[in-house]
file data.txt (compact mmCIF, C-alpha atoms)
# COMPACT_ATOMS: atom_id res chain seq x y z
CA MET A 172 13.44 -13.71 12.21
CA ARG A 173 14.87 -10.20 11.89
CA ILE A 174 18.49 -9.45 12.66
CA ASP A 175 20.08 -6.04 12.94
CA ALA A 176 23.50 -7.01 11.62
CA HIS A 177 25.25 -3.73 12.40
CA HIS A 178 24.95 -1.38 15.36
CA HIS A 179 27.18 0.21 17.97
CA VAL A 180 27.02 1.01 21.67
CA TRP A 181 29.22 3.41 23.58
CA HIS A 182 29.95 5.46 26.65
CA TYR A 183 30.52 8.83 25.04
CA SER A 184 33.63 10.89 25.61
CA ALA A 185 34.91 13.69 23.39
CA ASP A 186 38.44 12.28 23.41
CA GLU A 187 37.45 8.82 22.23
CA TYR A 188 34.80 9.90 19.73
CA GLY A 189 36.44 12.88 18.07
CA TRP A 190 34.73 12.09 14.76
CA ILE A 191 31.40 13.15 16.29
CA ASP A 192 31.48 16.79 15.25
CA GLU A 193 29.09 19.73 15.79
CA SER A 194 26.73 18.45 13.10
CA MET A 195 26.18 15.26 15.11
CA LEU A 196 25.28 16.64 18.54
CA VAL A 197 22.57 13.99 18.96
CA LEU A 198 25.35 11.39 19.20
CA ARG A 199 27.19 13.11 22.05
CA ARG A 200 25.80 10.94 24.84
CA ASP A 201 25.84 7.33 25.98
CA TYR A 202 24.10 4.73 23.82
CA LEU A 203 23.72 1.38 25.58
CA PRO A 204 21.88 -1.90 24.93
CA ALA A 205 18.93 -1.16 27.21
CA GLU A 206 17.92 1.75 24.95
CA LEU A 207 18.33 -0.34 21.81
CA THR A 208 16.09 -3.09 23.17
CA ALA A 209 13.00 -0.89 23.02
CA HIS A 210 13.71 0.04 19.41
CA CYS A 211 14.23 -3.60 18.48
CA GLU A 212 10.91 -4.58 20.02
CA ALA A 213 9.12 -1.86 18.03
CA ALA A 214 10.80 -2.95 14.79
CA ARG A 215 10.34 -6.69 15.47
CA VAL A 216 14.09 -7.34 15.57
CA ASN A 217 15.01 -10.62 17.29
CA GLY A 218 18.78 -10.34 17.49
CA THR A 219 21.68 -8.02 16.73
CA VAL A 220 25.37 -7.91 15.91
CA MET A 221 27.38 -5.26 17.77
CA VAL A 222 30.27 -3.70 15.85
CA GLN A 223 33.35 -1.93 17.17
CA ALA A 224 33.46 1.86 17.19
CA ARG A 225 36.86 2.32 18.86
CA GLN A 226 40.08 0.64 17.85
CA THR A 227 41.00 -0.81 21.23
CA ILE A 228 41.11 -4.36 22.51
CA GLU A 229 39.46 -3.04 25.68
CA GLU A 230 36.34 -2.12 23.73
CA THR A 231 36.25 -5.56 22.14
CA GLU A 232 36.35 -7.16 25.59
CA TRP A 233 33.61 -4.82 26.82
CA LEU A 234 31.34 -5.64 23.87
CA LEU A 235 31.83 -9.34 24.50
CA GLU A 236 30.93 -8.88 28.17
CA LEU A 237 27.75 -7.03 27.19
CA ALA A 238 26.83 -9.79 24.74
CA ASP A 239 27.34 -12.44 27.41
CA GLN A 240 24.75 -10.66 29.57
CA ASP A 241 22.05 -9.85 27.00
CA PRO A 242 20.31 -12.46 24.81
CA LEU A 243 19.39 -9.81 22.21
CA LEU A 244 23.09 -9.32 21.42
CA ARG A 245 23.88 -12.40 19.36
CA GLY A 246 27.40 -11.56 18.21
CA VAL A 247 30.26 -9.08 18.20
CA VAL A 248 32.48 -7.76 15.42
CA GLY A 249 35.39 -6.43 17.41
CA TRP A 250 38.78 -4.88 16.81
CA ALA A 251 42.26 -6.28 17.27
CA ASP A 252 45.61 -5.13 15.93
CA ILE A 253 45.63 -7.39 12.90
CA ALA A 254 48.97 -6.09 11.62
CA ASP A 255 50.75 -6.61 14.94
CA ASP A 256 53.56 -9.15 15.19
CA ASP A 257 51.75 -10.71 18.17
CA PHE A 258 48.36 -10.91 16.47
CA ALA A 259 48.43 -14.71 16.47
CA ALA A 260 48.59 -14.74 20.28
CA THR A 261 45.79 -12.17 20.52
CA LEU A 262 43.69 -14.20 18.11
CA GLU A 263 44.24 -17.39 20.10
CA LYS A 264 42.89 -15.66 23.19
CA LEU A 265 39.94 -14.05 21.42
CA SER A 266 38.98 -17.28 19.68
CA THR A 267 37.84 -18.70 23.01
CA ARG A 268 35.03 -16.13 23.12
CA ARG A 269 31.92 -17.79 21.69
CA LEU A 270 30.18 -14.54 20.71
CA LEU A 271 33.10 -13.05 18.81
CA LYS A 272 31.96 -13.41 15.19
CA GLY A 273 34.37 -11.15 13.34
CA LEU A 274 36.90 -8.34 13.32
CA ARG A 275 36.98 -4.90 11.73
CA HIS A 276 39.38 -2.03 11.17
CA VAL A 277 38.34 1.54 10.28
CA VAL A 278 39.99 1.41 6.87
CA GLN A 279 37.95 4.38 5.63
CA ALA A 280 40.21 6.59 7.77
CA GLU A 281 43.46 5.02 6.56
CA PRO A 282 45.69 6.25 3.70
CA GLU A 283 45.58 4.77 0.23
CA GLY A 284 47.15 1.32 0.08
CA PHE A 285 46.37 0.27 3.65
CA LEU A 286 44.71 -2.94 2.48
CA ASP A 287 47.77 -3.76 0.39
CA ALA A 288 50.12 -3.75 3.38
CA VAL A 289 52.03 -6.99 3.95
CA ASP A 290 51.57 -7.05 7.73
CA PHE A 291 47.83 -6.52 7.57
CA ASN A 292 47.39 -9.23 4.93
CA ARG A 293 49.50 -11.60 7.02
CA GLY A 294 47.09 -11.05 9.88
CA ILE A 295 44.03 -11.62 7.71
CA ALA A 296 45.58 -14.88 6.46
CA GLY A 297 45.84 -15.89 10.11
CA LEU A 298 42.04 -15.86 10.41
CA LYS A 299 41.88 -19.03 8.33
CA GLY A 300 40.41 -21.83 10.39
CA THR A 301 38.84 -19.55 13.01
CA ASP A 302 35.47 -19.01 11.25
CA LEU A 303 35.80 -15.30 12.02
CA VAL A 304 34.43 -12.88 9.44
CA TYR A 305 36.29 -9.73 8.44
CA ASP A 306 34.10 -6.63 7.99
CA ILE A 307 35.34 -4.24 5.30
CA LEU A 308 34.72 -0.59 6.25
CA ILE A 309 35.68 1.63 3.32
CA ARG A 310 34.47 4.52 1.23
CA SER A 311 33.52 4.03 -2.40
CA GLN A 312 36.86 5.34 -3.70
CA GLN A 313 38.57 2.43 -1.91
CA LEU A 314 36.61 -0.28 -3.72
CA GLN A 315 39.37 -1.21 -6.16
CA GLU A 316 41.79 -1.59 -3.28
CA ALA A 317 39.26 -3.73 -1.41
CA THR A 318 38.79 -5.99 -4.42
CA ARG A 319 42.54 -6.59 -4.64
CA PHE A 320 42.52 -7.33 -0.93
CA VAL A 321 39.68 -9.86 -1.17
CA ASP A 322 41.39 -11.60 -4.08
CA ARG A 323 44.38 -12.39 -1.83
CA HIS A 324 42.11 -14.28 0.58
CA PRO A 325 39.64 -16.35 -1.47
CA GLU A 326 38.76 -18.63 1.46
CA GLN A 327 38.10 -15.80 3.94
CA SER A 328 34.53 -14.66 4.58
CA PHE A 329 34.12 -10.89 4.15
CA VAL A 330 31.21 -8.53 4.81
CA LEU A 331 31.15 -5.13 3.11
CA ASP A 332 29.80 -2.50 5.50
CA HIS A 333 27.41 0.27 4.45
CA ILE A 334 27.41 -0.75 0.75
CA ALA A 335 30.88 0.92 0.60
CA LYS A 336 29.51 4.39 1.39
CA PRO A 337 28.65 5.79 -2.04
CA ALA A 338 28.29 9.57 -2.39
CA ILE A 339 24.50 9.44 -2.22
CA ALA A 340 24.09 13.10 -1.25
CA THR A 341 25.72 14.27 -4.50
CA GLY A 342 24.37 11.48 -6.68
CA ASP A 343 27.87 10.73 -7.96
CA SER A 344 27.42 6.97 -8.11
CA ALA A 345 28.70 5.79 -11.52
CA SER A 346 32.15 4.80 -10.27
CA TRP A 347 30.68 3.19 -7.13
CA GLU A 348 28.30 1.10 -9.19
CA LYS A 349 31.02 -0.10 -11.54
CA GLU A 350 33.39 -1.07 -8.73
CA ILE A 351 30.81 -2.65 -6.45
CA ARG A 352 29.61 -4.83 -9.31
CA GLU A 353 33.18 -6.05 -9.68
CA LEU A 354 33.60 -6.74 -5.96
CA ALA A 355 30.26 -8.57 -5.84
CA ARG A 356 31.61 -11.14 -8.31
CA ARG A 357 33.61 -12.56 -5.39
CA PRO A 358 31.34 -15.15 -3.77
CA ASN A 359 33.04 -14.86 -0.38
CA VAL A 360 31.82 -11.25 0.06
CA SER A 361 28.44 -10.37 1.56
CA CYS A 362 27.04 -6.84 1.90
CA LYS A 363 25.24 -4.85 4.56
CA LEU A 364 22.27 -2.63 3.78
CA SER A 365 23.33 -0.04 6.33
CA GLY A 366 24.83 3.42 6.62
CA MET A 367 22.89 4.69 3.63
CA VAL A 368 20.88 7.48 5.23
CA THR A 369 24.01 9.09 6.63
CA GLU A 370 25.63 9.18 3.18
CA ALA A 371 22.49 10.85 1.79
CA ASP A 372 21.14 14.33 2.54
CA TRP A 373 20.21 13.91 6.20
CA LYS A 374 17.10 16.07 5.96
CA LEU A 375 15.88 15.40 2.42
CA TRP A 376 16.49 11.69 1.76
CA THR A 377 13.52 9.52 0.87
CA SER A 378 13.01 5.83 0.30
CA ASP A 379 12.82 6.53 -3.43
CA SER A 380 16.11 8.43 -3.45
CA LEU A 381 17.94 5.51 -1.80
CA LYS A 382 16.23 2.69 -3.68
CA PRO A 383 18.50 2.79 -6.78
CA TYR A 384 21.43 1.89 -4.53
CA PHE A 385 19.44 -0.94 -2.97
CA ASP A 386 18.55 -2.16 -6.46
CA VAL A 387 22.23 -2.33 -7.46
CA VAL A 388 23.32 -4.40 -4.46
CA LEU A 389 20.24 -6.62 -4.69
CA GLU A 390 21.08 -7.39 -8.31
CA THR A 391 24.80 -7.90 -7.74
CA PHE A 392 24.95 -9.70 -4.40
CA GLY A 393 21.52 -11.30 -4.44
CA PRO A 394 19.36 -11.83 -1.33
CA GLU A 395 21.57 -14.69 -0.15
CA ARG A 396 24.48 -12.26 0.36
CA LEU A 397 22.59 -9.22 1.65
CA MET A 398 21.81 -8.41 5.29
CA VAL A 399 20.26 -5.42 7.06
CA GLY A 400 22.06 -3.26 9.59
CA SER A 401 20.77 -0.12 11.28
CA ASP A 402 24.11 1.54 12.11
CA TRP A 403 22.38 2.72 15.30
CA PRO A 404 22.99 5.14 16.90
CA VAL A 405 24.84 6.84 14.04
CA LEU A 406 21.69 6.72 11.91
CA ASN A 407 19.99 9.01 14.46
CA VAL A 408 21.47 12.03 12.69
CA ALA A 409 19.20 11.27 9.72
CA SER A 410 16.55 8.73 10.71
CA SER A 411 14.89 6.91 13.55
CA TYR A 412 15.46 3.21 14.06
CA GLU A 413 11.86 2.40 13.23
CA GLN A 414 11.88 4.57 10.10
CA TRP A 415 14.90 2.72 8.73
CA TRP A 416 13.22 -0.66 9.14
CA LYS A 417 10.03 0.68 7.52
CA THR A 418 12.18 1.78 4.58
CA ILE A 419 13.62 -1.72 4.36
CA ASP A 420 10.10 -3.18 4.54
CA GLY A 421 9.07 -1.10 1.55
CA TRP A 422 12.00 -2.23 -0.55
CA LEU A 423 11.51 -5.88 0.34
CA ALA A 424 7.73 -5.96 -0.20
CA PRO A 425 7.90 -7.04 -3.89
CA LEU A 426 10.31 -9.89 -3.15
CA SER A 427 9.40 -13.50 -2.42
CA ALA A 428 9.08 -14.73 1.15
CA ASP A 429 12.39 -16.61 0.88
CA GLU A 430 14.19 -13.56 -0.50
CA ARG A 431 12.83 -11.35 2.27
CA ALA A 432 13.79 -13.91 4.90
CA ALA A 433 17.34 -14.05 3.57
CA ILE A 434 17.88 -10.29 3.69
CA GLU A 435 16.08 -9.75 7.00
CA GLY A 436 17.92 -12.43 8.91
CA ASP A 437 19.01 -15.66 7.25
CA THR A 438 22.11 -14.21 5.57
CA ALA A 439 23.37 -12.64 8.79
CA LYS A 440 22.64 -15.82 10.74
CA ARG A 441 24.62 -17.94 8.27
CA VAL A 442 27.54 -15.61 7.62
CA TYR A 443 28.12 -14.70 11.27
CA ARG A 444 27.17 -18.19 12.56
CA LEU A 445 24.60 -16.75 14.96
CA ASP A 446 22.94 -19.07 17.45
CA ILE A 447 19.32 -18.24 16.67
CA GLU A 448 16.53 -20.77 16.16

call {"tool": "encode", "arguments": {"input": "data.txt", "output": "structure tokens"}}
result
Amino acid sequence: MRIDAHHHVWHYSADEYGWIDESMLVLRRDYLPAELTAHCEAARVNGTVMVQARQTIEETEWLLELADQDPLLRGVVGWADIADDDFAATLEKLSTRRLLKGLRHVVQAEPEGFLDAVDFNRGIAGLKGTDLVYDILIRSQQLQEATRFVDRHPEQSFVLDHIAKPAIATGDSASWEKEIRELARRPNVSCKLSGMVTEADWKLWTSDSLKPYFDVVLETFGPERLMVGSDWPVLNVASSYEQWWKTIDGWLAPLSADERAAIEGDTAKRVYRLDIE
């Protein structure tokens, strides 16, 4: 079983995807599940988790509709206004959707202290009892803030996206390593092996240049709290889908069969409660 625990789909428009700048021209088009299916077949991926790319409830509903229609799409991490006074009502409605597995906010684009805000933490506390995961999307300089945030919600399941986006291209990783080791001490946090190639030099990265970062999260989270995500189609600026999974294969080769199985699929299946045999 292989699960791609992190990818996106979209109908491209310049207004809604303003972060796609001139350096990312390959992303300025539609990316839909039918195209992903071929890549998954080539990489032997059996199921996926779609993740929000726009902060609208309409996109969340659209992703859930897509997942209802396609057996490859095993779950959705959507968006809702967690800090809103009416979040409880929104959550009650969303909780009826079987394939909603979690929520996410683009915290990497928010000012310092966003995860300390009272309203946002009130909303996260409201997830208790829903079995929904919260995906943490931050940059490495926000790790201390994220650790404080996690400590307020010890019973909430969290997944750290993109290994917290260390500055791989510059090699400035000492602070990232220190802070991610601290966050990993929290047993309710899992971590996605994703988004690494786009934090590296897009043209010059190699498996060897990324492996030290893999080694850190493998040591700190362990296979039972690691999962693989492609971050497709964003990864297309630096890698193909198949190349990313070959890179993962190389890193996992020395591990035991059980350890490989955990990272390739079992962790994602358990954490996101995916209905996969």

call {"tool": "closest_residue", "arguments": {"input": "data.txt", "among": "A:Ala335, A:Ala213, A:Leu262, A:Val442", "to": "A:Gln312", "atoms": "only C-alpha atoms"}}
result
A:Ala335

call {"tool": "atom_distance", "arguments": {"input": "data.txt", "atom1": "atom CA of A:Ala259", "atom2": "atom CA of A:Tyr188"}}
result
28.3 Å

call {"tool": "atom_distance", "arguments": {"input": "data.txt", "atom1": "atom CA of A:Lys299", "atom2": "atom CA of A:Phe329"}}
result
12.0 Å

call {"tool": "residues_around", "arguments": {"input": "data.txt", "residues": "A:Leu274", "least_positions_apart": "3", "cutoff": "8 Å", "atoms": "all atoms listed in the file", "output": "number ranges by chain"}}
result
A: 248-251, 303-306

call {"tool": "atom_distance", "arguments": {"input": "data.txt", "atom1": "atom CA of A:Ile174", "atom2": "atom CA of A:Met221"}}
result
11.1 Å

call {"tool": "residues_around", "arguments": {"input": "data.txt", "residues": "A:Val247", "least_positions_apart": "4", "cutoff": "9 Å", "atoms": "all atoms listed in the file", "output": "PyMOL selection string"}}
result
chain A and resi 219-223+231+234-235+238+270-274

call {"tool": "closest_residue", "arguments": {"input": "data.txt", "among": "A:Ala205, A:Ile253, A:Leu423, A:Ile191", "to": "A:Ile295", "atoms": "only C-alpha atoms"}}
result
A:Ile253

call {"tool": "closest_residue", "arguments": {"input": "data.txt", "among": "A:Glu395, A:Glu187, A:Asp255, A:Glu413", "to": "A:Ala439", "atoms": "all atoms listed in the file"}}
result
A:Glu395

call {"tool": "closest_residue", "arguments": {"input": "data.txt", "among": "A:Leu298, A:Leu308, A:Ala355, A:Leu375", "to": "A:Leu389", "atoms": "all atoms listed in the file"}}
result
A:Ala355

call {"tool": "closest_atom_pairs", "arguments": {"input": "data.txt", "of": "stretch 341-405 of chain A", "to": "stretch 317-321 of chain A", "cutoff": "10 Å", "atoms": "only C-alpha atoms", "output": "CSV"}}
result
residue,atom,partner,partner_atom,distance
A:Glu350,CA,A:Thr318,CA,8.5
A:Ile351,CA,A:Thr318,CA,8.9
A:Glu353,CA,A:Thr318,CA,7.7
A:Leu354,CA,A:Thr318,CA,5.5
A:Ala355,CA,A:Thr318,CA,9.0
A:Arg356,CA,A:Thr318,CA,9.7
A:Arg357,CA,A:Val321,CA,7.9
A:Asn359,CA,A:Val321,CA,8.3
A:Val360,CA,A:Val321,CA,8.1

call {"tool": "closest_residue", "arguments": {"input": "data.txt", "among": "A:Thr301, A:Ser378, A:Gln279, A:Gln315", "to": "A:Arg444", "atoms": "only C-alpha atoms"}}
result
A:Thr301

call {"tool": "closest_residue", "arguments": {"input": "data.txt", "among": "A:Ile307, A:Leu203, A:Leu244, A:Ala214", "to": "A:Leu445", "atoms": "all atoms listed in the file"}}
result
A:Leu244

call {"tool": "residues_around", "arguments": {"input": "data.txt", "residues": "A:Asp343", "least_positions_apart": "4", "cutoff": "12 Å", "atoms": "only C-alpha atoms", "output": "ChimeraX atom specification"}}
result
/A:311-312,336-339,347-349,370-371,384

call {"tool": "residues_around", "arguments": {"input": "data.txt", "residues": "A:Gly400", "least_positions_apart": "2", "cutoff": "9 Å", "atoms": "only C-alpha atoms", "output": "list in words"}}
result
Ile174, Asp175, Ala176, His177, His178, Thr219, Val220, Asp332, His333, Lys363, Leu364, Ser365, Gly366, Met398, Asp402 and Trp403 of chain A

call {"tool": "residues_around", "arguments": {"input": "data.txt", "residues": "A:Asp446", "least_positions_apart": "2", "cutoff": "9 Å", "atoms": "all atoms listed in the file", "output": "compact mmCIF listing (two decimals) with C-alpha atoms, in the frame of the given file"}}
result
# COMPACT_ATOMS: atom_id res chain seq x y z
CA ARG A 245 23.88 -12.40 19.36
CA GLY A 246 27.40 -11.56 18.21
CA LYS A 440 22.64 -15.82 10.74
CA ARG A 444 27.17 -18.19 12.56
CA GLU A 448 16.53 -20.77 16.16
